[in-house]
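Participant: First the structure, which I've put down as structure tokens, then a few questions once you've had a look.
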Amino acid sequence: MDFMLPLLLAFLLTALLLVLRIWLVLRKAAGLRPGEKGFVSMLVVAGSGGHTTEILRLLSSLSKSYSPTHYIIAETDEMSEDKIRAFENTKSIGISEPLYSIHRIPRSREVRQSWSSSFMTTLNSMLYSFPLTARLQPDLVLCNGPGTCVPVCLSAFLLGIFGIKKIIIIYVESICRVETLSLSGKLLYYFSDYFIVQWPRLRDKYPNSIYLGRII
């Protein structure tokens with residue numbers, strides 16, 4: 001009976017995708033299109049440890065036209081939320097309404113978690129991240145390597161496959177990755193629209209990547 005659980009989850013995910021497809025097509029037909037006023041809505045995936053510090057440092061160099069910003073963090077990540085709120089409070093001085101939101105999804109993979117169990121936890125994370133990404137419909141997804149970004153980026157990729165909305169996926173590999181990609185990077189190298197590395201050795205190994213020097 002153990003094989004029934006993956007089949008049931010796959011069926012539920014398929015049914016959910018069909019419902020969301022119908023709802024989003026109707027929503028688009030009603031003229032509710034994000035970004036139509038010249039702003040770029042952005043979905044940012046933050047991770048525990050240095051990932052959040054790096055991504056916030058990158059965000060600090062972007063213009064105010066990237067708005068609103070929606071953050072996604074793992075449900076067990078407490079430090080990232082504090083860092084995000086501190087960053088946004090500083091950035092939003094003089095603005096009456098907050099231009100950001102924070103959302104949580106189950107962690108797709110714990111440190112040292114086995115590959116066999118990672119499949120189920122990632123699928124569970126997809127069940128949360130896909131409807132969230134479909135509801136927010138950002139113009140682009142920006143991430144830099146935490147495991148949580150994998151189901152989010154795949155969700156954004158699927159929205160384009162289903163013809164709901166093309167979402168630009170920008171992956172920036174962490175600066176600590178000098179010669180090898182992170183596990184997230186190895187997976188998302190094939191799905192990202194722009195895959196940015198910060199060391200020339202990685203650019204040489206991965207010809208479809210973009211080397212811009214140290215940007216974080």
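Residues are named by chain letter and number: chains run A, B, ... in the order of the structure tokens, numbers start at 1 in each chain, and ligands are numbered from 1 in the order shown.
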Write out, as a tab-separated table, each residue of range 82-179 of chain A that has an atom at most 8 Å from range 54-78 of chain A, together with the closest pair of atoms and their distance in Å to one decimal, counting only C-alpha atoms, rows going by chain and rising number.
Facilitator:
```
residue	atom	partner	partner_atom	distance
A:Asp82	CA	A:Glu78	CA	6.9
A:Ile84	CA	A:Leu56	CA	7.5
A:Phe87	CA	A:Leu56	CA	7.4
A:Leu99	CA	A:Pro68	CA	4.9
A:Tyr100	CA	A:Thr69	CA	4.7
A:Ser101	CA	A:His70	CA	4.9
A:Ile102	CA	A:Tyr71	CA	4.7
A:His103	CA	A:Ile72	CA	4.8
A:Arg104	CA	A:Glu75	CA	4.9
A:Ile105	CA	A:Ala74	CA	5.3
A:Pro106	CA	A:Glu75	CA	5.4
A:Arg107	CA	A:Ala74	CA	5.0
A:Cys143	CA	A:Ile55	CA	7.2
A:Asn144	CA	A:Ile55	CA	6.7
A:Thr148	CA	A:Ala74	CA	6.4
A:Ser174	CA	A:Glu54	CA	7.6
```
Participant: For Val172 in chain A, please output as a list of chain:residue names all residues within 8 Å (counting only C-alpha atoms; exclusion window: fewer than 3 positions along the same chain).
Facilitator: A:Leu142, A:Cys143, A:Asn144, A:Gly145, A:Phe195, A:Ile196, A:Val197
Participant: Can you pull out the residues contacting Ile170 in chain A? Cut-off 12 Å, using only C-alpha atoms, and skip same-chain residues under 3 positions away; I want them as a PyMOL selection string.
Facilitator: chain A and resi 42-45+55+139-145+149+152-153+156-157+167+173+185+188-197+209-210
Participant: Can those selected residues be exported to a file as a CSV table (one decimal), in the first residue's frame so that it contains C-alpha atoms?
Facilitator:
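As written to disk, out.csv reads:
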```
chain,number,residue,atom,x,y,z
A,42,MET,CA,9.3,39.9,-7.8
A,43,LEU,CA,9.3,36.7,-5.9
A,44,VAL,CA,12.4,36.2,-3.8
A,45,VAL,CA,13.4,32.9,-2.2
A,55,ILE,CA,20.1,37.9,-1.5
A,139,ASP,CA,7.1,38.8,-13.2
A,140,LEU,CA,10.3,37.2,-12.1
A,141,VAL,CA,11.7,34.8,-9.5
A,142,LEU,CA,15.0,35.6,-7.9
A,143,CYS,CA,17.0,33.1,-5.8
A,144,ASN,CA,20.5,32.2,-4.9
A,145,GLY,CA,20.6,28.5,-3.9
A,149,CYS,CA,14.0,27.6,-4.3
A,152,VAL,CA,9.3,27.5,-6.3
A,153,CYS,CA,11.3,27.8,-9.5
A,156,ALA,CA,7.2,29.2,-12.0
A,157,PHE,CA,8.4,27.1,-14.9
A,167,ILE,CA,7.8,34.1,-15.3
A,173,GLU,CA,24.8,31.0,-7.5
A,185,GLY,CA,22.2,25.1,-8.9
A,188,LEU,CA,18.0,24.8,-11.8
A,189,TYR,CA,20.8,25.3,-14.4
A,190,TYR,CA,18.4,23.7,-16.9
A,191,PHE,CA,15.3,25.7,-16.0
A,192,SER,CA,16.6,29.2,-15.3
A,193,ASP,CA,16.3,31.9,-17.9
A,194,TYR,CA,19.4,33.6,-16.5
A,195,PHE,CA,21.9,31.5,-14.5
A,196,ILE,CA,24.5,33.8,-13.0
A,197,VAL,CA,27.8,32.7,-11.5
A,209,SER,CA,25.9,30.5,-17.3
A,210,ILE,CA,26.5,34.2,-17.2
```
Participant: Assign secondary structure with DSSP using the backbone only, and return the residues of range 73-165 of chain A in helix (DSSP H, G or I) as a short mmCIF file (atom, residue, chain, number, x, y, z; two decimals) with N, CA, C and O atoms, in the first residue's frame.
Facilitator:
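Dumped everything to states03.cif:
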```cif
data_model
loop_
_atom_site.label_atom_id
_atom_site.label_comp_id
_atom_site.auth_asym_id
_atom_site.auth_seq_id
_atom_site.Cartn_x
_atom_site.Cartn_y
_atom_site.Cartn_z
N MET A 79 15.18 33.01 11.41
CA MET A 79 16.13 34.11 11.28
C MET A 79 15.91 34.92 10.01
O MET A 79 16.06 36.14 10.00
N SER A 80 15.54 34.24 8.93
CA SER A 80 15.37 34.95 7.65
C SER A 80 14.26 35.98 7.72
O SER A 80 14.37 37.08 7.18
N GLU A 81 13.17 35.63 8.40
CA GLU A 81 12.05 36.58 8.50
C GLU A 81 12.48 37.85 9.23
O GLU A 81 12.12 38.96 8.81
N ASP A 82 13.24 37.71 10.29
CA ASP A 82 13.71 38.88 11.03
C ASP A 82 14.61 39.75 10.15
O ASP A 82 14.50 40.99 10.16
N LYS A 83 15.49 39.12 9.39
CA LYS A 83 16.39 39.87 8.51
C LYS A 83 15.60 40.59 7.40
O LYS A 83 15.90 41.74 7.07
N ILE A 84 14.61 39.92 6.86
CA ILE A 84 13.80 40.51 5.78
C ILE A 84 13.04 41.72 6.28
O ILE A 84 13.00 42.77 5.64
N ARG A 85 12.41 41.58 7.45
CA ARG A 85 11.62 42.70 7.99
C ARG A 85 12.52 43.88 8.32
O ARG A 85 12.14 45.04 8.08
N ALA A 86 13.69 43.62 8.87
CA ALA A 86 14.61 44.71 9.16
C ALA A 86 15.05 45.41 7.87
O ALA A 86 15.12 46.64 7.80
N PHE A 87 15.33 44.64 6.84
CA PHE A 87 15.74 45.20 5.54
C PHE A 87 14.62 46.03 4.94
O PHE A 87 14.84 47.16 4.47
N GLU A 88 13.40 45.49 4.92
CA GLU A 88 12.28 46.19 4.30
C GLU A 88 11.86 47.42 5.09
O GLU A 88 11.45 48.42 4.51
N ASN A 89 11.95 47.36 6.40
CA ASN A 89 11.61 48.53 7.21
C ASN A 89 12.55 49.68 6.94
O ASN A 89 12.14 50.85 6.91
N THR A 90 13.81 49.37 6.73
CA THR A 90 14.78 50.41 6.39
C THR A 90 14.52 50.97 5.00
O THR A 90 14.59 52.18 4.77
N LYS A 91 14.19 50.08 4.08
CA LYS A 91 13.97 50.50 2.70
C LYS A 91 12.66 51.26 2.53
O LYS A 91 12.53 52.09 1.62
N TRP A 115 18.17 10.93 -0.41
CA TRP A 115 17.54 11.24 -1.68
C TRP A 115 16.14 10.65 -1.78
O TRP A 115 15.24 11.25 -2.34
N SER A 116 15.99 9.44 -1.24
CA SER A 116 14.69 8.77 -1.35
C SER A 116 13.59 9.54 -0.63
O SER A 116 12.49 9.72 -1.15
N SER A 117 13.90 10.03 0.56
CA SER A 117 12.90 10.79 1.30
C SER A 117 12.78 12.22 0.79
O SER A 117 11.75 12.87 0.96
N SER A 118 13.83 12.72 0.14
CA SER A 118 13.80 14.09 -0.39
C SER A 118 12.75 14.23 -1.49
O SER A 118 12.17 15.31 -1.66
N PHE A 119 12.52 13.15 -2.23
CA PHE A 119 11.52 13.21 -3.31
C PHE A 119 10.15 13.54 -2.74
O PHE A 119 9.41 14.39 -3.27
N MET A 120 9.77 12.87 -1.64
CA MET A 120 8.45 13.08 -1.06
C MET A 120 8.34 14.46 -0.42
O MET A 120 7.31 15.13 -0.55
N THR A 121 9.39 14.91 0.27
CA THR A 121 9.32 16.23 0.91
C THR A 121 9.32 17.35 -0.13
O THR A 121 8.66 18.37 0.06
N THR A 122 10.02 17.14 -1.24
CA THR A 122 10.00 18.14 -2.32
C THR A 122 8.63 18.19 -2.98
O THR A 122 8.12 19.27 -3.31
N LEU A 123 8.02 17.01 -3.17
CA LEU A 123 6.66 16.98 -3.74
C LEU A 123 5.68 17.67 -2.81
O LEU A 123 4.80 18.42 -3.26
N ASN A 124 5.84 17.46 -1.52
CA ASN A 124 4.98 18.13 -0.54
C ASN A 124 5.17 19.64 -0.61
O ASN A 124 4.21 20.41 -0.53
N SER A 125 6.42 20.07 -0.77
CA SER A 125 6.70 21.50 -0.89
C SER A 125 6.09 22.07 -2.17
O SER A 125 5.61 23.22 -2.19
N MET A 126 6.09 21.27 -3.24
CA MET A 126 5.47 21.71 -4.49
C MET A 126 3.97 21.94 -4.33
O MET A 126 3.40 22.86 -4.93
N LEU A 127 3.32 21.11 -3.52
CA LEU A 127 1.88 21.25 -3.30
C LEU A 127 1.54 22.59 -2.65
O LEU A 127 0.42 23.09 -2.78
N TYR A 128 2.50 23.17 -1.94
CA TYR A 128 2.30 24.49 -1.33
C TYR A 128 2.80 25.61 -2.24
O TYR A 128 2.16 26.66 -2.34
N SER A 129 3.94 25.40 -2.88
CA SER A 129 4.56 26.47 -3.65
C SER A 129 3.84 26.75 -4.96
O SER A 129 3.79 27.91 -5.40
N PHE A 130 3.29 25.73 -5.62
CA PHE A 130 2.64 25.98 -6.91
C PHE A 130 1.42 26.89 -6.79
O PHE A 130 1.32 27.89 -7.50
N PRO A 131 0.45 26.58 -5.91
CA PRO A 131 -0.70 27.49 -5.80
C PRO A 131 -0.31 28.87 -5.31
O PRO A 131 -0.92 29.86 -5.71
N LEU A 132 0.73 28.95 -4.47
CA LEU A 132 1.18 30.26 -4.00
C LEU A 132 1.78 31.06 -5.15
O LEU A 132 1.45 32.24 -5.34
N THR A 133 2.64 30.43 -5.94
CA THR A 133 3.25 31.11 -7.08
C THR A 133 2.19 31.50 -8.11
O THR A 133 2.23 32.58 -8.70
N ALA A 134 1.21 30.61 -8.31
CA ALA A 134 0.13 30.91 -9.25
C ALA A 134 -0.72 32.07 -8.78
O ALA A 134 -1.19 32.87 -9.59
N ARG A 135 -0.93 32.17 -7.49
CA ARG A 135 -1.75 33.27 -6.96
C ARG A 135 -1.00 34.60 -7.04
O ARG A 135 -1.57 35.62 -7.42
N LEU A 136 0.28 34.59 -6.72
CA LEU A 136 1.06 35.83 -6.73
C LEU A 136 1.40 36.27 -8.16
O LEU A 136 1.47 37.47 -8.44
N CYS A 149 14.20 27.00 -2.97
CA CYS A 149 13.99 27.64 -4.27
C CYS A 149 13.66 26.63 -5.37
O CYS A 149 13.09 27.01 -6.39
N VAL A 150 14.00 25.36 -5.19
CA VAL A 150 13.77 24.37 -6.25
C VAL A 150 12.29 24.21 -6.56
O VAL A 150 11.87 24.37 -7.71
N PRO A 151 11.42 23.89 -5.57
CA PRO A 151 9.99 23.77 -5.91
C PRO A 151 9.37 25.08 -6.36
O PRO A 151 8.45 25.08 -7.19
N VAL A 152 9.87 26.21 -5.87
CA VAL A 152 9.33 27.51 -6.29
C VAL A 152 9.66 27.77 -7.75
O VAL A 152 8.79 28.17 -8.54
N CYS A 153 10.91 27.55 -8.14
CA CYS A 153 11.30 27.78 -9.53
C CYS A 153 10.61 26.80 -10.47
O CYS A 153 10.21 27.17 -11.58
N LEU A 154 10.46 25.55 -10.04
CA LEU A 154 9.74 24.59 -10.87
C LEU A 154 8.28 24.99 -11.03
O LEU A 154 7.69 24.81 -12.09
N SER A 155 7.70 25.56 -9.96
CA SER A 155 6.32 26.04 -10.05
C SER A 155 6.21 27.17 -11.06
O SER A 155 5.28 27.21 -11.88
N ALA A 156 7.16 28.10 -11.02
CA ALA A 156 7.17 29.21 -11.98
C ALA A 156 7.36 28.69 -13.40
O ALA A 156 6.73 29.18 -14.35
N PHE A 157 8.21 27.69 -13.56
CA PHE A 157 8.45 27.10 -14.88
C PHE A 157 7.18 26.44 -15.42
O PHE A 157 6.83 26.57 -16.60
N LEU A 158 6.45 25.74 -14.54
CA LEU A 158 5.22 25.06 -14.95
C LEU A 158 4.14 26.05 -15.36
O LEU A 158 3.35 25.78 -16.27
N LEU A 159 4.09 27.21 -14.71
CA LEU A 159 3.10 28.23 -15.10
C LEU A 159 3.31 28.65 -16.56
O LEU A 159 2.35 28.92 -17.28
N GLY A 160 4.57 28.71 -16.97
CA GLY A 160 4.85 29.03 -18.37
C GLY A 160 4.49 27.88 -19.29
O GLY A 160 3.95 28.09 -20.38
N ILE A 161 4.78 26.65 -18.86
CA ILE A 161 4.46 25.47 -19.66
C ILE A 161 2.96 25.36 -19.90
O ILE A 161 2.49 25.04 -21.00
#
```
Participant: Between A:Ala46, A:Val178, A:Ile169, A:Leu16, which one has atoms that come closest to Asp204 in chain A, using only C-alpha atoms?
Facilitator: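 Result for the nearest residue to Asp204 in chain A: A:Val178.
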Participant: Return as a PyMOL selection string the full set of residues in range 56-181 of chain A whose backbone-based DSSP assignment is strand (DSSP E).
Facilitator: chain A and resi 69-74+100-105+140-143+168-172
Participant: Give the answer as one residue: which of A:Leu181, A:Gln198, A:Gly147, A:Leu12 has the shortest atom-to-atom distance to Ser108 in chain A, using only C-alpha atoms?
Facilitator: A:Gly147
Participant: Name the closest residue to Thr14 in chain A among the candidates A:Phe162, A:Phe39, A:His51, A:Arg203; distances are taken between atoms, counting only C-alpha atoms.
Facilitator: A:Phe162
Participant: Quick one: pull the distance between CA of Ile175 in chain A and CA of Gly50 in chain A, Å, one decimal.
Facilitator: 10.0 Å
Participant: Can you tell me how far CA of Tyr206 in chain A sits from CA of Thr52 in chain A, in Å to one decimal?
Facilitator: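 Here the two named atoms are 24.6 Å from each other.
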Participant: Which of these, A:Gln137, A:Thr53, A:Asn208, A:Ser41, has the shortest distance to Ile164 in chain A once you count only C-alpha atoms?
Facilitator: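 When distances to Ile164 in chain A are compared using only C-alpha atoms, the smallest one comes from A:Gln137.
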Participant: So how far away is CA of Thr180 in chain A from CA of Arg201 in chain A, in Å?
Facilitator: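 The value is 8.7 Å.
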